[in-house]
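Here the structure is laid out as structure tokens; the discussion comes afterwards.
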There are 2 protein chains.
Amino acid sequence: MSSCCVAIVGVGLVGKQVVQQLTSPALSGLFKIVSLTNSKHTLALSPSAPTLDAKTLLSLLPASSQPLPTESAHPAASYSPASPTELVKKLAADARASKQHTILIDCTSDLAVTELYPAAISSGLSVVTPNKKGFSSSSDLFQQVVDAQSAPNAGLVYLEATVGAGLPIISTLRDLLKTGDEVTKIEGVFSGTMSYIFNNFSPATPADGPAPKFSEVVKVAKENGYTEPHPADDLSGSDVARKLTILSRLLSINPSSLAALPSLPDGYASLDTETLIPSALADCKTGDEFVQRLPDHDAEFEQLRAEAEKEGKVLRYVGVIDREAGVVKCGLEKYPVSHPFASALSGSDNIVAFHTARYSQRPLIVQGAGAGADVTAMGVVADAIKVAERMGVRVHL
Amino acid sequence: MSSCCVAIVGVGLVGKQVVQQLTSPALSGLFKIVSLTNSKHTLALSPSAPTLDAKTLLSLLPASSQPLPTESAHPAASYSPASPTELVKKLAADARASKQHTILIDCTSDLAVTELYPAAISSGLSVVTPNKKGFSSSSDLFQQVVDAQSAPNAGLVYLEATVGAGLPIISTLRDLLKTGDEVTKIEGVFSGTMSYIFNNFSPATPADGPAPKFSEVVKVAKENGYTEPHPADDLSGSDVARKLTILSRLLSINPSSLAALPSLPDGYASLDTETLIPSALADCKTGDEFVQRLPDHDAEFEQLRAEAEKEGKVLRYVGVIDREAGVVKCGLEKYPVSHPFASALSGSDNIVAFHTARYSQRPLIVQGAGAGADVTAMGVVADAIKVAERMGVRVHL
């Protein structure tokens, strides 16, 4: 096989970057984009037509606010209303007929699309995605994805970009587990937003002048686009809980002599997660209202910071999987200023420490930007290359 | 294909760990060890015989100090004098006949074995190795290895464990490059020995009491087995130079719009490498003599440390590939105490920072133990799994 077909569902910031990288000279000819789907339309491209560049490809997909075109803007292009269910059926049938492997890249954050993964995988399509929902929601869906891998001629599933975007976190965990290491503990700052907030609110080396107020840090983070439009969506800890759910499930499906982890039937929703949303603000409808009322609660956060400072420590919002203690939890923890989570972390970086039987004296650490369209797309495209290689496409050193 | 055959050349500390991991329950049935070769003997195992456990396998290979057995100690075992050249021919012929893919794992540090890689790869064997010599010696040999990948039905080549042992360094570089990122700079502490020496000689947070002398730190490092028997072999910087040569060559063979790196015709020997061996000690025959005479030169190192301290900095022996400056070099550099190479580094850990177009504000960092038999074997076995997967062996999430 000399190339793989790729269908992309979700053509927002990440999806656009995926198109850019898949068509870059570094990967010349390795992938053939056969369809692009946004929330309203699917653009299908004839696989026999010459490969188009990213700009042309993206220009052929009408915005979801536009009506479905009645005429094709390009000889290779045709249009249909978006239906991921129909798309999966068509891709599987086309792949069987052409004997070309096809990768479904899901760049949505839509649970409904992830519910198609089991059928997609068992019908021979591979799934590559940064969408956390398929692996961090109900344990039934996760198990169906796992089981689908065993169908005859099943496709593969790769999810590096669900945790830490392009950082090698899932692949490192996989290498550790598959080579028989015992992962005793995974601990990390998994949210770029939480990283930014606490690196600034509780720095290892305090800046001159008065310490910033919690509400001020959150306000600046929101203004700079480091938070969701409603900062409570970050401060709830649910994004961290989803990532931790994925890692703990990957641990659970690999053989280990260590104690089993608590199972998470409802995924991230059943994980012990500390929310940083003051209970009085739980009813805030908008992000603006939230930011406006947050100063009323600065004293609570100030007290936490003062307690940590008294011990020579800083605050970090972390996710922890501790197999010896049998605990999986997300919340605020205190770290000494010399700890890598304190002194070495800056900006909105993620950091993840793997403690294992082999890396027992000091952990294996991966650190860097864990969010952003370009690095998320990199995680997706690196996975797509691995799928292509496993399907026999030749990529050299 | 349901399994891969594996032939291991070099059955020292790393080779033994590779045998352990390949036969561990985590990989049950994925690999079939068909031969073990030490410096004197080859043990061949009938591929049709039942799989043996690591202890039995290793017990069947006579020590190189023993004569070649005249009788087999096991029905599946047969013996021959060690000849890697003959072994490669036989493995290739057997693989063709059985249509089973075979991986040659080279756990020697022998240049002569690496010179067999081009023939092995072009005859269909895959090569997986922690042996740096094949990729850091002459540019001719490196180019032959690269070219061999293009032969019809060629095998693959994986070398993760040549840099940082089991740490995801080469795989991360590959993902960055293949997805079209521009790697502008790679900087790191690549030697566990150098890391230990300078973390102790020039710590970010000095301990109480008088600062240790350079010669004392080297002496303790030698006594604890952190250095080669002759510490000059570490202090020469050649180990770092070999690793840097490998990374810069991997950069050079991937498309980039950045300036080309200086080519290294003689590999590590033609790289700008600062030696820490005092010139007066260049003639020391033994490690013991070296350690005994090193105190004469403590003042030179003390001066370097004092100069760094005056700037609020620490000393680290690093390798740097700076594409904008067109520089590849190994040597002592000064870092502010808040830099990850200063504050976050401890023990004998490696740390590598990738600065790229995408990771431009802050680098992508990988850190952890970069030497040791178990983590080196992990790098090798994780690579072997990737080869097996690319040859169609099915491994799940």
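Naming scheme: A, B, ... for chains in displayed order of the structure tokens; residues 1 onward per chain; ligands 1 onward as shown.
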Need to verify the contact set: range 120-137 of chain A, 8 Å, only C-alpha atoms, exclusion of same-chain residues closer than 5 positions in sequence. Can you return it as a PyMOL selection string?
chain A and resi 88-89+91-92+95+101-111+114-115+142+145+148-163+165+242-243+245-246+266-269+376+379-380+383-384+387
Need the shell around Ala353 in chain B: protein/DNA/RNA residues with any atom at most 8 Å away, counting only C-alpha atoms. Skip same-chain ones fewer than 2 positions apart. Format as a list in words?
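Result of the neighbour search: Ile186, Glu187, Gly188, Ile351, His355, Pro363, Leu364, Ile365 and Val366 of chain B.
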Those selected residues, please, written with N, CA, C and O atoms and delivered as an mmCIF file, in the first residue's frame.
data_model
loop_
_atom_site.group_PDB
_atom_site.id
_atom_site.type_symbol
_atom_site.label_atom_id
_atom_site.label_comp_id
_atom_site.auth_asym_id
_atom_site.auth_seq_id
_atom_site.Cartn_x
_atom_site.Cartn_y
_atom_site.Cartn_z
ATOM 1 N N ILE B 186 17.741 21.803 19.334
ATOM 2 C CA ILE B 186 17.632 20.719 20.315
ATOM 3 C C ILE B 186 18.764 20.926 21.301
ATOM 4 O O ILE B 186 19.916 21.140 20.895
ATOM 5 N N GLU B 187 18.436 20.896 22.559
ATOM 6 C CA GLU B 187 19.431 21.173 23.586
ATOM 7 C C GLU B 187 19.172 20.196 24.717
ATOM 8 O O GLU B 187 18.017 19.972 25.085
ATOM 9 N N GLY B 188 20.240 19.599 25.262
ATOM 10 C CA GLY B 188 19.965 18.660 26.339
ATOM 11 C C GLY B 188 21.185 18.193 27.090
ATOM 12 O O GLY B 188 22.328 18.382 26.650
ATOM 13 N N ILE B 351 17.911 15.156 30.162
ATOM 14 C CA ILE B 351 16.806 16.073 29.835
ATOM 15 C C ILE B 351 17.060 16.598 28.427
ATOM 16 O O ILE B 351 18.201 16.915 28.071
ATOM 17 N N HIS B 355 13.044 22.762 20.685
ATOM 18 C CA HIS B 355 12.476 24.056 20.307
ATOM 19 C C HIS B 355 12.071 23.955 18.834
ATOM 20 O O HIS B 355 12.904 23.614 17.992
ATOM 21 N N PRO B 363 9.831 25.089 25.064
ATOM 22 C CA PRO B 363 10.135 23.850 24.343
ATOM 23 C C PRO B 363 9.319 22.649 24.840
ATOM 24 O O PRO B 363 8.745 22.691 25.924
ATOM 25 N N LEU B 364 9.309 21.603 24.019
ATOM 26 C CA LEU B 364 8.805 20.296 24.443
ATOM 27 C C LEU B 364 9.970 19.609 25.151
ATOM 28 O O LEU B 364 11.063 19.491 24.597
ATOM 29 N N ILE B 365 9.730 19.153 26.389
ATOM 30 C CA ILE B 365 10.818 18.608 27.206
ATOM 31 C C ILE B 365 10.543 17.157 27.590
ATOM 32 O O ILE B 365 9.420 16.813 27.967
ATOM 33 N N VAL B 366 11.573 16.333 27.474
ATOM 34 C CA VAL B 366 11.509 14.941 27.930
ATOM 35 C C VAL B 366 12.640 14.746 28.931
ATOM 36 O O VAL B 366 13.769 15.177 28.679
#
Which of these, B:Lys219, B:Arg174, B:Lys40, B:Lys32, has the shortest distance to chain A once you count only C-alpha atoms?
B:Arg174
Any idea which chain B residues end up within 6 Å of chain A if we count only C-alpha atoms, as a CSV table (one decimal) with C-alpha atoms, in the first residue's frame please?
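Output below, filename result-v8.csv:
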chain,number,residue,atom,x,y,z
B,26,ALA,CA,2.7,-8.4,28.7
B,175,ASP,CA,6.8,12.8,15.0
B,178,LYS,CA,7.2,13.8,9.8
B,180,GLY,CA,6.1,19.1,9.1
B,340,PRO,CA,14.9,23.4,33.8
B,344,ALA,CA,14.5,20.4,37.7
B,364,LEU,CA,8.8,20.3,24.4
B,365,ILE,CA,10.8,18.6,27.2
B,366,VAL,CA,11.5,14.9,27.9
B,367,GLN,CA,13.3,14.0,31.1
B,368,GLY,CA,14.3,10.9,33.1
B,382,ALA,CA,9.2,-0.8,22.4
B,389,GLU,CA,3.1,-3.9,14.2
B,390,ARG,CA,4.3,-2.5,10.9
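Excluding Phe198 in chain B itself and same-chain residues fewer than 2 positions from it, the residues having an atom within 10 Å of it are B:Thr193, B:Met194, B:Ser195, B:Tyr196, B:Asn200, B:Phe201, B:Ser202, B:Pro203, B:Ala204, B:Phe214, B:Val217, B:Val218, B:Arg305, B:Val314, B:Leu315, B:Arg316, B:Tyr317, B:Leu332, B:Ala342, B:Ser346, B:Gly347, B:Ser348, counting only C-alpha atoms.
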Create the file for the chosen residues now, containing N, CA, C and O atoms and written as a short mmCIF file (atom, residue, chain, number, x, y, z; two decimals), in the first residue's frame.
data_model
loop_
_atom_site.label_atom_id
_atom_site.label_comp_id
_atom_site.auth_asym_id
_atom_site.auth_seq_id
_atom_site.Cartn_x
_atom_site.Cartn_y
_atom_site.Cartn_z
N THR B 193 26.19 10.35 33.22
CA THR B 193 27.39 10.59 34.02
C THR B 193 27.64 12.09 34.18
O THR B 193 27.86 12.59 35.29
N MET B 194 27.59 12.81 33.07
CA MET B 194 27.79 14.26 33.11
C MET B 194 26.70 14.92 33.94
O MET B 194 26.94 15.90 34.65
N SER B 195 25.47 14.40 33.83
CA SER B 195 24.36 14.95 34.60
C SER B 195 24.66 14.80 36.09
O SER B 195 24.62 15.78 36.84
N TYR B 196 25.02 13.59 36.50
CA TYR B 196 25.32 13.34 37.92
C TYR B 196 26.45 14.25 38.41
O TYR B 196 26.36 14.87 39.46
N ASN B 200 25.83 17.59 41.02
CA ASN B 200 26.44 17.58 42.34
C ASN B 200 27.52 18.65 42.49
O ASN B 200 27.65 19.26 43.55
N PHE B 201 28.29 18.87 41.42
CA PHE B 201 29.37 19.85 41.50
C PHE B 201 28.83 21.28 41.47
O PHE B 201 29.38 22.18 42.11
N SER B 202 27.74 21.49 40.73
CA SER B 202 27.21 22.84 40.53
C SER B 202 25.70 22.83 40.69
O SER B 202 24.95 23.06 39.74
N PRO B 203 25.21 22.54 41.93
CA PRO B 203 23.76 22.39 42.14
C PRO B 203 23.02 23.72 42.09
O PRO B 203 23.60 24.77 42.40
N ALA B 204 21.74 23.65 41.70
CA ALA B 204 20.91 24.87 41.67
C ALA B 204 20.69 25.39 43.08
O ALA B 204 20.69 26.59 43.31
N PHE B 214 35.66 19.14 42.35
CA PHE B 214 35.34 18.38 41.13
C PHE B 214 35.86 16.95 41.23
O PHE B 214 35.15 15.99 40.93
N VAL B 217 33.71 14.70 43.39
CA VAL B 217 32.46 14.28 42.75
C VAL B 217 32.72 13.16 41.75
O VAL B 217 32.00 12.15 41.71
N VAL B 218 33.80 13.30 40.96
CA VAL B 218 34.13 12.26 39.97
C VAL B 218 34.47 10.95 40.68
O VAL B 218 34.06 9.87 40.25
N ARG B 305 33.18 27.20 37.96
CA ARG B 305 31.99 27.23 38.80
C ARG B 305 31.79 28.62 39.40
O ARG B 305 30.66 29.13 39.44
N VAL B 314 24.47 27.99 36.90
CA VAL B 314 25.14 26.72 37.19
C VAL B 314 25.77 26.19 35.91
O VAL B 314 25.44 26.64 34.81
N LEU B 315 26.68 25.22 36.06
CA LEU B 315 27.33 24.60 34.91
C LEU B 315 26.61 23.30 34.52
O LEU B 315 26.26 22.51 35.40
N ARG B 316 26.40 23.10 33.24
CA ARG B 316 25.88 21.81 32.76
C ARG B 316 26.64 21.44 31.48
O ARG B 316 26.91 22.31 30.65
N TYR B 317 26.95 20.15 31.34
CA TYR B 317 27.58 19.70 30.10
C TYR B 317 26.46 19.29 29.14
O TYR B 317 25.75 18.30 29.38
N LEU B 332 30.52 22.59 28.02
CA LEU B 332 30.00 23.18 29.25
C LEU B 332 29.29 24.47 28.93
O LEU B 332 29.82 25.32 28.22
N ALA B 342 18.74 23.31 35.28
CA ALA B 342 19.38 23.56 36.58
C ALA B 342 18.51 23.03 37.71
O ALA B 342 18.86 22.08 38.41
N SER B 346 17.94 16.22 38.40
CA SER B 346 18.65 15.68 39.55
C SER B 346 19.15 14.28 39.23
O SER B 346 18.84 13.73 38.17
N GLY B 347 19.92 13.73 40.15
CA GLY B 347 20.46 12.39 39.96
C GLY B 347 21.28 12.33 38.69
O GLY B 347 22.04 13.24 38.37
N SER B 348 21.08 11.24 37.93
CA SER B 348 21.82 11.08 36.67
C SER B 348 20.85 11.18 35.49
O SER B 348 21.07 10.57 34.45
#
Per DSSP on the backbone, what are the strand (DSSP E) residues of range 218-358 of chain B, as JSON, numbers by chain?
{"B": [272, 273, 313, 314, 315, 316, 317, 318, 319, 320, 321, 322, 327, 328, 329, 330, 331, 332, 333, 334, 335, 336, 349, 350, 351, 352, 353, 354, 355, 356]}
DSSP-assigned alpha helix (DSSP H) among range 178-310 of chain B, expressed as a ChimeraX atom specification:
/B:178,192-201,214-223,232-235,238-252,287-293,298-310
